[in-house]
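Engineer: Pasting start14.tsv below, which is TSV, C-alpha atoms.
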chain	number	residue	atom	x	y	z
A	1	MET	CA	98.06	57.56	151.52
A	2	LEU	CA	100.18	60.53	150.50
A	3	ASN	CA	103.25	59.58	148.46
A	4	LYS	CA	105.39	60.51	145.46
A	5	GLU	CA	103.22	58.54	143.05
A	6	ASN	CA	99.85	60.05	143.96
A	7	ILE	CA	100.70	63.62	144.97
A	8	HIS	CA	99.70	65.07	141.58
A	9	LEU	CA	96.25	63.48	141.78
A	10	ILE	CA	95.73	64.44	145.43
A	11	ILE	CA	96.62	68.10	144.75
A	12	ARG	CA	94.29	68.27	141.73
A	13	LYS	CA	91.47	66.64	143.72
A	14	SER	CA	92.00	68.75	146.85
A	15	PHE	CA	92.56	72.11	145.11
A	16	PRO	CA	90.52	71.91	141.86
A	17	TYR	CA	89.80	75.66	141.95
A	18	LEU	CA	93.51	76.45	141.56
A	19	PHE	CA	93.52	74.79	138.14
A	20	GLU	CA	89.96	75.51	136.98
A	21	LYS	CA	89.42	79.06	138.21
A	22	TYR	CA	92.92	80.52	138.61
A	23	GLY	CA	94.85	78.79	135.82
A	24	PHE	CA	97.58	77.16	137.91
A	25	LYS	CA	99.82	74.68	136.12
A	26	GLU	CA	102.25	72.12	137.46
A	27	PHE	CA	105.62	73.69	136.81
A	28	TYR	CA	108.17	71.92	138.97
A	29	TYR	CA	108.54	68.47	140.49
A	30	ASN	CA	111.42	67.09	142.53
A	31	ARG	CA	110.68	63.56	143.63
A	32	GLU	CA	113.94	63.16	145.56
A	33	TYR	CA	113.82	66.04	148.02
A	34	GLY	CA	115.30	66.11	151.51
A	35	ARG	CA	117.43	63.69	153.40
A	36	TYR	CA	118.08	60.53	151.38
A	37	GLY	CA	115.70	61.76	148.67
A	38	GLU	CA	112.67	60.43	150.54
A	39	GLY	CA	110.58	63.61	150.27
A	40	PHE	CA	109.20	65.53	147.32
A	41	VAL	CA	108.38	69.03	146.13
A	42	LEU	CA	105.60	69.95	143.71
A	43	GLY	CA	105.46	73.51	142.42
A	44	LEU	CA	102.46	75.22	140.82
A	45	HIS	CA	102.70	78.44	138.83
A	46	SER	CA	100.18	81.04	137.69
A	47	ASP	CA	100.25	84.71	136.76
A	48	LYS	CA	99.21	85.49	140.38
A	49	CYS	CA	101.86	83.64	142.43
A	50	ARG	CA	103.56	80.31	142.95
A	51	LEU	CA	102.61	77.52	145.32
A	52	LEU	CA	104.94	74.89	146.67
A	53	PHE	CA	103.80	71.60	148.18
A	54	VAL	CA	106.64	70.07	150.21
A	55	LYS	CA	106.75	66.68	151.89
A	56	GLU	CA	109.66	66.38	154.28
A	57	PRO	CA	110.46	62.73	155.04
A	58	GLU	CA	110.42	63.27	158.79
A	59	LEU	CA	107.12	65.22	158.93
A	60	LYS	CA	103.63	63.72	158.93
A	61	HIS	CA	101.92	66.37	156.80
A	62	LEU	CA	102.60	68.12	153.55
A	63	SER	CA	103.55	71.77	153.99
A	64	ILE	CA	102.20	74.37	151.59
A	65	TRP	CA	104.09	77.54	150.76
A	66	VAL	CA	103.18	80.60	148.72
A	67	GLY	CA	105.54	83.00	146.95
A	68	MET	CA	105.77	85.54	144.17
A	69	VAL	CA	105.90	84.44	140.53
A	70	SER	CA	109.68	84.87	140.79
A	71	SER	CA	110.17	82.74	143.94
A	72	PRO	CA	112.65	79.92	143.20
A	73	PHE	CA	111.14	76.42	143.09
A	74	GLU	CA	114.60	74.94	143.38
A	75	ASN	CA	115.09	76.50	146.83
A	76	PRO	CA	112.06	75.83	149.06
A	77	ASP	CA	114.03	77.19	152.01
A	78	ALA	CA	114.38	80.66	150.46
A	79	SER	CA	113.04	83.41	152.67
A	80	GLY	CA	112.53	87.14	152.37
A	81	ILE	CA	110.45	89.00	149.84
A	82	GLU	CA	111.13	86.58	146.98
A	83	GLY	CA	111.08	83.58	149.27
A	84	TRP	CA	108.35	81.30	150.51
A	85	PHE	CA	105.72	81.86	153.18
A	86	ASN	CA	103.68	79.18	154.93
A	87	ILE	CA	100.21	79.46	153.44
A	88	LEU	CA	98.49	78.47	156.71
A	89	ALA	CA	100.17	81.33	158.56
A	90	ILE	CA	99.38	83.73	155.69
A	91	TYR	CA	95.72	82.67	155.76
A	92	HIS	CA	95.59	83.18	159.54
A	93	PHE	CA	97.25	86.59	159.12
A	94	CYS	CA	94.73	87.66	156.45
A	95	ASN	CA	91.58	86.26	158.00
A	96	GLY	CA	92.23	86.46	161.72
A	97	LYS	CA	91.66	82.75	162.32
A	98	PRO	CA	93.66	79.60	161.67
A	99	VAL	CA	92.80	77.23	158.82
A	100	VAL	CA	92.87	74.21	161.12
A	101	THR	CA	92.87	73.69	164.86
A	102	ARG	CA	95.81	72.06	166.62
A	103	ASP	CA	93.64	68.99	167.29
A	104	GLU	CA	92.78	68.69	163.60
A	105	TYR	CA	96.41	69.10	162.62
A	106	HIS	CA	97.54	66.29	164.89
A	107	SER	CA	94.63	63.87	164.39
A	108	VAL	CA	93.92	63.94	160.64
A	109	ASP	CA	95.43	61.44	158.22
A	110	PRO	CA	97.94	63.13	155.85
A	111	GLY	CA	95.83	62.55	152.71
A	112	ALA	CA	92.64	63.75	154.39
A	113	TRP	CA	94.55	66.74	155.76
A	114	VAL	CA	95.39	67.94	152.24
A	115	GLN	CA	91.70	67.70	151.29
A	116	LEU	CA	90.70	69.60	154.44
A	117	ILE	CA	93.20	72.38	153.72
A	118	GLY	CA	92.10	72.56	150.08
A	119	ASN	CA	88.47	73.01	151.10
A	120	ARG	CA	89.17	75.62	153.75
A	121	LEU	CA	91.63	77.72	151.76
A	122	GLU	CA	89.25	78.18	148.84
A	123	MET	CA	87.23	80.93	150.51
A	124	GLY	CA	90.25	83.07	151.42
A	125	ILE	CA	92.62	82.33	148.56
A	126	GLU	CA	92.05	85.58	146.66
A	127	LYS	CA	93.17	87.64	149.68
A	128	ILE	CA	96.35	85.58	149.70
A	129	PHE	CA	96.91	86.13	145.98
A	130	ASP	CA	96.52	89.88	146.49
A	131	LEU	CA	99.36	89.85	149.03
A	132	PHE	CA	101.78	88.45	146.45
A	133	ARG	CA	101.13	90.79	143.51
A	134	ASN	CA	104.61	92.35	143.59
A	135	LYS	CA	107.54	93.26	145.82
A	136	ASP	CA	105.98	96.56	146.90
A	137	THR	CA	102.87	94.76	148.08
A	138	ILE	CA	104.92	92.30	150.12
A	139	GLU	CA	107.05	95.08	151.59
A	140	SER	CA	103.85	96.72	152.84
A	141	TRP	CA	102.94	93.77	155.08
A	142	ILE	CA	106.03	91.62	155.67
A	143	LEU	CA	107.09	93.29	158.94
A	144	SER	CA	103.59	92.97	160.39
A	145	PHE	CA	103.50	89.35	159.26
A	146	ARG	CA	106.82	88.55	160.94
A	147	ASP	CA	105.51	90.05	164.20
A	148	PHE	CA	102.31	88.05	163.78
A	149	VAL	CA	104.29	84.82	163.35
A	150	ARG	CA	106.42	85.57	166.41
A	151	GLU	CA	103.32	86.19	168.51
A	152	ASN	CA	101.28	83.24	167.23
A	153	TYR	CA	103.63	80.50	166.10
A	154	GLU	CA	107.05	80.78	167.68
A	155	ASN	CA	108.03	77.41	169.16
A	156	ARG	CA	104.74	75.84	168.03
A	157	SER	CA	103.57	73.91	164.99
A	158	ILE	CA	102.09	76.12	162.28
A	159	ALA	CA	98.52	74.87	162.74
Just give me the structure as structure tokens.

Structural biologist:
Amino acid sequence: MLNKENIHLIIRKSFPYLFEKYGFKEFYYNREYGRYGEGFVLGLHSDKCRLLFVKEPELKHLSIWVGMVSSPFENPDASGIEGWFNILAIYHFCNGKPVVTRDEYHSVDPGAWVQLIGNRLEMGIEKIFDLFRNKDTIESWILSFRDFVRENYENRSIA
């Protein structure tokens, strides 16, 4: 089960390559996020980018966001160049195919879902890191990405 007490272990087990190969470190943890403090946010930092794992109390699955090394952990809702981007949409944008199918998204247990995402992101993670090198890099693709999201995800779940 995915909860505030085991999130650190689940992230390390599901995304070992982030720590072993890319040098990510846990940098931020808010265990009282969202309405009534029932959710949590775990932020990872490296010299490549930042990752944010967010559990909203009302949502089944953990959401995973990617941002520049300057993106603010304290504001997971930040958008724009220094904001946060859904990593599943970014992966789809980079690789031309979604990380998970809609059926997988809706049928998989939340803990198993994190493991599934960790396994599938590993092969395309370096392309994602390249997109977040600096502001100029993001400016080169952000408009195309916004169009991509409108065409593929508007009024639908991200998976």

Engineer: Which of these, A:Tyr22, A:Trp84, A:Phe53, A:Phe145, has the shortest distance to His8 in chain A once you count all atoms listed in the file?

Structural biologist: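 With all atoms listed in the file as the atom set, the closest residue is A:Phe53.
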
Engineer: Pick from A:Glu26, A:Leu18, A:Gly96, A:Lys13: nearest to Glu126 in chain A, with only C-alpha atoms counted?

Structural biologist: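 Counting only C-alpha atoms, the residue closest to Glu126 in chain A is A:Leu18.
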
Engineer: What's the 7 Å shell around Cys94 in chain A, counting all atoms listed in the file, without same-chain residues fewer than 3 positions away, as a ChimeraX atom specification?

Structural biologist: /A:90-91,127

Engineer: Identify which of the residues A:Glu5, A:Phe15, A:Ser79, A:Ser71 lies closest to Gly39 in chain A, counting only C-alpha atoms when measuring atom-to-atom distances.

Structural biologist: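 Smallest distance to Gly39 in chain A is found for A:Glu5.
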
Engineer: When you draw a straight line from CA of Leu52 in chain A to CA of Phe85 in chain A, how long is it in Å?

Structural biologist: 9.6 Å

Engineer: Have a look at A:Val69, A:Ala89, A:Ile117, A:Val100 and name the one nearest to Phe132 in chain A; count all atoms listed in the file.

Structural biologist: A:Val69
